[in-house]
Structures are given as C-alpha cells and as structure tokens.
Amino acid sequence: MCAVISNIAPDLCRTIFSQVRQGRLQSARYLHRRLIPLITCLSKDSPAALKSALSVLGLTSPATRLPIVPLDAAVQREVVRAFAAIADEELIDRVGA
C-alpha cells in the first residue's frame, strides 16, 4: 500500500522514510498514523479510490471503465475527507523534517 500512498503524498512518504533513517521513530509513527484513514479508504476500493484521490489533486479524472466501477458518492466523500486530513500544510513542518 505504500506505493499507492506515495502517488498521492510523495513528500509525506519521503519524510516518513527520512525520519526512520534518522532514528526519529516517534515522528515517523505520528506521520504514518495520519495516513491510516487514507490507506484504509484506498485499500477498500482500489483502484477507483486512488483515481478519486488523484482527481482531488487535479492529476486525473475520477472516471473509470469496466471492470473498474466508479465509487459511490459516500465513498468518494470518505476518500476526500481522508485526503484532506493529511493535506495539512503544516504537518511536515511540525515534526522537523
């Protein structure tokens, strides 16, 4: 799932990796825990959920084609909420990346 998340939040994934390499495990765990809701959303309805998250970034359309079915509106909102939770601009600054 790390590869999927890195498509959406590459800087955050890079920061987590850097924190681990520097022995800052508490910071790395904190950042990883912030990703868990998004990881959960993406793993339930992949790859449609990934397309939805990438569309929030303006990188692709959320449209799908068979055999991938589109997300229903409730799941789309869940993905957007989970993505918004990690989009906190100050998140990386607070852990001293």
# chains A, B, ... in the order shown; residues from 1 in each chain; ligands from 1
$ select_by_dssp --residues "chain A" --states "helix (DSSP H, G or I)" --output "PyMOL selection string"
chain A and resi 2-8+10-21+25-44+48-56+73-86+91-94
$ atom_distance --atom1 "atom CA of Ala82 of chain A" --atom2 "atom CA of Pro37 of chain A"
5.7 Å
$ closest_residue --among "A:Val56, A:Ala3, A:Leu31, A:Ala73" --to "Gln19 of chain A" --atoms "only C-alpha atoms"
A:Leu31
$ residues_around --residues "Arg14 of chain A" --least-positions-apart "3" --cutoff "12 Å" --atoms "only C-alpha atoms" --output "mmCIF file with all heavy atoms, in the first residue's frame"
data_model
loop_
_atom_site.group_PDB
_atom_site.id
_atom_site.type_symbol
_atom_site.label_atom_id
_atom_site.label_comp_id
_atom_site.auth_asym_id
_atom_site.auth_seq_id
_atom_site.Cartn_x
_atom_site.Cartn_y
_atom_site.Cartn_z
ATOM 1 N N CYS A 2 2.105 1.130 0.434
ATOM 2 C CA CYS A 2 2.990 2.290 0.462
ATOM 3 C C CYS A 2 3.159 2.887 -0.938
ATOM 4 O O CYS A 2 3.177 4.098 -1.090
ATOM 5 C CB CYS A 2 4.337 1.915 1.045
ATOM 6 S SG CYS A 2 5.422 3.335 1.248
ATOM 7 N N ALA A 3 3.244 2.043 -1.935
ATOM 8 C CA ALA A 3 3.409 2.542 -3.299
ATOM 9 C C ALA A 3 2.187 3.338 -3.739
ATOM 10 O O ALA A 3 2.320 4.339 -4.433
ATOM 11 C CB ALA A 3 3.664 1.384 -4.255
ATOM 12 N N ILE A 5 0.064 5.042 -1.708
ATOM 13 C CA ILE A 5 0.068 6.295 -0.957
ATOM 14 C C ILE A 5 1.116 7.248 -1.510
ATOM 15 O O ILE A 5 0.906 8.455 -1.557
ATOM 16 C CB ILE A 5 0.317 6.027 0.546
ATOM 17 C CG1 ILE A 5 -0.879 5.328 1.150
ATOM 18 C CG2 ILE A 5 0.620 7.304 1.302
ATOM 19 C CD1 ILE A 5 -2.148 6.141 1.158
ATOM 20 N N SER A 6 2.241 6.724 -1.946
ATOM 21 C CA SER A 6 3.302 7.604 -2.446
ATOM 22 C C SER A 6 2.891 8.323 -3.732
ATOM 23 O O SER A 6 3.470 9.347 -4.072
ATOM 24 C CB SER A 6 4.602 6.829 -2.657
ATOM 25 O OG SER A 6 4.465 5.877 -3.684
ATOM 26 N N ASN A 7 1.883 7.818 -4.425
ATOM 27 C CA ASN A 7 1.351 8.529 -5.589
ATOM 28 C C ASN A 7 0.574 9.772 -5.185
ATOM 29 O O ASN A 7 0.480 10.728 -5.940
ATOM 30 C CB ASN A 7 0.419 7.618 -6.402
ATOM 31 C CG ASN A 7 1.176 6.605 -7.191
ATOM 32 O OD1 ASN A 7 1.916 6.942 -8.105
ATOM 33 N ND2 ASN A 7 1.020 5.348 -6.829
ATOM 34 N N ILE A 8 0.009 9.746 -3.996
ATOM 35 C CA ILE A 8 -0.831 10.841 -3.520
ATOM 36 C C ILE A 8 -0.058 11.797 -2.626
ATOM 37 O O ILE A 8 -0.253 13.007 -2.689
ATOM 38 C CB ILE A 8 -2.042 10.279 -2.752
ATOM 39 C CG1 ILE A 8 -2.857 9.391 -3.682
ATOM 40 C CG2 ILE A 8 -2.893 11.390 -2.179
ATOM 41 C CD1 ILE A 8 -3.884 8.570 -2.963
ATOM 42 N N ALA A 9 0.795 11.246 -1.787
ATOM 43 C CA ALA A 9 1.516 12.063 -0.801
ATOM 44 C C ALA A 9 3.007 11.730 -0.823
ATOM 45 O O ALA A 9 3.565 11.260 0.167
ATOM 46 C CB ALA A 9 0.931 11.832 0.586
ATOM 47 N N PRO A 10 3.676 11.973 -1.958
ATOM 48 C CA PRO A 10 5.082 11.579 -2.058
ATOM 49 C C PRO A 10 5.982 12.289 -1.049
ATOM 50 O O PRO A 10 6.886 11.665 -0.482
ATOM 51 C CB PRO A 10 5.467 11.919 -3.498
ATOM 52 C CG PRO A 10 4.468 12.936 -3.936
ATOM 53 C CD PRO A 10 3.205 12.629 -3.183
ATOM 54 N N ASP A 11 5.735 13.561 -0.799
ATOM 55 C CA ASP A 11 6.576 14.287 0.155
ATOM 56 C C ASP A 11 6.426 13.727 1.562
ATOM 57 O O ASP A 11 7.397 13.591 2.292
ATOM 58 C CB ASP A 11 6.252 15.783 0.144
ATOM 59 C CG ASP A 11 6.625 16.450 -1.165
ATOM 60 O OD1 ASP A 11 7.498 15.909 -1.877
ATOM 61 O OD2 ASP A 11 6.034 17.490 -1.483
ATOM 62 N N PHE A 17 10.131 8.150 5.575
ATOM 63 C CA PHE A 17 11.346 7.370 5.333
ATOM 64 C C PHE A 17 12.558 8.063 5.939
ATOM 65 O O PHE A 17 13.391 7.446 6.604
ATOM 66 C CB PHE A 17 11.533 7.168 3.825
ATOM 67 C CG PHE A 17 12.771 6.396 3.474
ATOM 68 C CD1 PHE A 17 12.828 5.031 3.653
ATOM 69 C CD2 PHE A 17 13.883 7.042 2.966
ATOM 70 C CE1 PHE A 17 13.966 4.312 3.337
ATOM 71 C CE2 PHE A 17 15.029 6.347 2.645
ATOM 72 C CZ PHE A 17 15.068 4.976 2.829
ATOM 73 N N SER A 18 12.657 9.367 5.742
ATOM 74 C CA SER A 18 13.775 10.138 6.277
ATOM 75 C C SER A 18 13.781 10.104 7.807
ATOM 76 O O SER A 18 14.839 9.960 8.425
ATOM 77 C CB SER A 18 13.689 11.576 5.779
ATOM 78 O OG SER A 18 14.686 12.368 6.356
ATOM 79 N N GLN A 19 12.603 10.237 8.406
ATOM 80 C CA GLN A 19 12.512 10.190 9.859
ATOM 81 C C GLN A 19 12.984 8.843 10.405
ATOM 82 O O GLN A 19 13.688 8.788 11.409
ATOM 83 C CB GLN A 19 11.069 10.464 10.319
ATOM 84 C CG GLN A 19 10.539 11.836 9.980
ATOM 85 C CD GLN A 19 11.252 12.943 10.733
ATOM 86 O OE1 GLN A 19 11.366 12.892 11.944
ATOM 87 N NE2 GLN A 19 11.727 13.924 10.008
ATOM 88 N N VAL A 20 12.621 7.773 9.741
ATOM 89 C CA VAL A 20 13.062 6.436 10.169
ATOM 90 C C VAL A 20 14.573 6.322 10.044
ATOM 91 O O VAL A 20 15.253 5.855 10.971
ATOM 92 C CB VAL A 20 12.352 5.333 9.353
ATOM 93 C CG1 VAL A 20 12.988 3.965 9.608
ATOM 94 C CG2 VAL A 20 10.867 5.292 9.689
ATOM 95 N N ARG A 21 15.113 6.755 8.930
ATOM 96 C CA ARG A 21 16.573 6.666 8.728
ATOM 97 C C ARG A 21 17.344 7.482 9.748
ATOM 98 O O ARG A 21 18.460 7.137 10.110
ATOM 99 C CB ARG A 21 16.936 7.113 7.317
ATOM 100 C CG ARG A 21 16.451 6.086 6.308
ATOM 101 C CD ARG A 21 17.136 6.154 5.037
ATOM 102 N NE ARG A 21 18.582 6.110 5.203
ATOM 103 C CZ ARG A 21 19.405 5.881 4.218
ATOM 104 N NH1 ARG A 21 18.929 5.675 3.030
ATOM 105 N NH2 ARG A 21 20.688 5.884 4.396
ATOM 106 N N ALA A 28 8.072 9.464 12.819
ATOM 107 C CA ALA A 28 7.660 8.608 11.701
ATOM 108 C C ALA A 28 6.330 7.924 12.017
ATOM 109 O O ALA A 28 5.446 7.855 11.162
ATOM 110 C CB ALA A 28 8.736 7.566 11.406
ATOM 111 N N LEU A 31 3.424 10.442 11.718
ATOM 112 C CA LEU A 31 3.058 10.692 10.322
ATOM 113 C C LEU A 31 2.341 9.494 9.723
ATOM 114 O O LEU A 31 1.350 9.651 8.992
ATOM 115 C CB LEU A 31 4.299 11.046 9.506
ATOM 116 C CG LEU A 31 4.950 12.378 9.870
ATOM 117 C CD1 LEU A 31 6.274 12.520 9.142
ATOM 118 C CD2 LEU A 31 4.024 13.535 9.555
ATOM 119 N N HIS A 32 2.829 8.305 10.011
ATOM 120 C CA HIS A 32 2.193 7.096 9.479
ATOM 121 C C HIS A 32 0.755 6.972 9.992
ATOM 122 O O HIS A 32 -0.153 6.642 9.227
ATOM 123 C CB HIS A 32 2.995 5.853 9.848
ATOM 124 C CG HIS A 32 2.331 4.588 9.399
ATOM 125 N ND1 HIS A 32 2.280 4.208 8.079
ATOM 126 C CD2 HIS A 32 1.649 3.654 10.089
ATOM 127 C CE1 HIS A 32 1.601 3.077 7.983
ATOM 128 N NE2 HIS A 32 1.209 2.727 9.195
ATOM 129 N N ILE A 92 4.229 18.524 7.968
ATOM 130 C CA ILE A 92 5.641 18.147 7.881
ATOM 131 C C ILE A 92 6.501 19.100 8.683
ATOM 132 O O ILE A 92 7.426 18.680 9.391
ATOM 133 C CB ILE A 92 6.095 18.071 6.412
ATOM 134 C CG1 ILE A 92 5.350 16.910 5.731
ATOM 135 C CG2 ILE A 92 7.590 17.884 6.294
ATOM 136 C CD1 ILE A 92 5.573 16.807 4.260
ATOM 137 N N ALA A 97 10.985 18.102 9.730
ATOM 138 C CA ALA A 97 11.545 17.394 8.574
ATOM 139 C C ALA A 97 12.717 18.138 7.970
ATOM 140 O O ALA A 97 12.880 19.300 8.091
ATOM 141 C CB ALA A 97 10.472 17.222 7.518
#
$ closest_residue --among "A:Thr60, A:Leu25, A:Ile86, A:Ala49" --to "Ala74 of chain A" --atoms "only C-alpha atoms"
A:Ala49
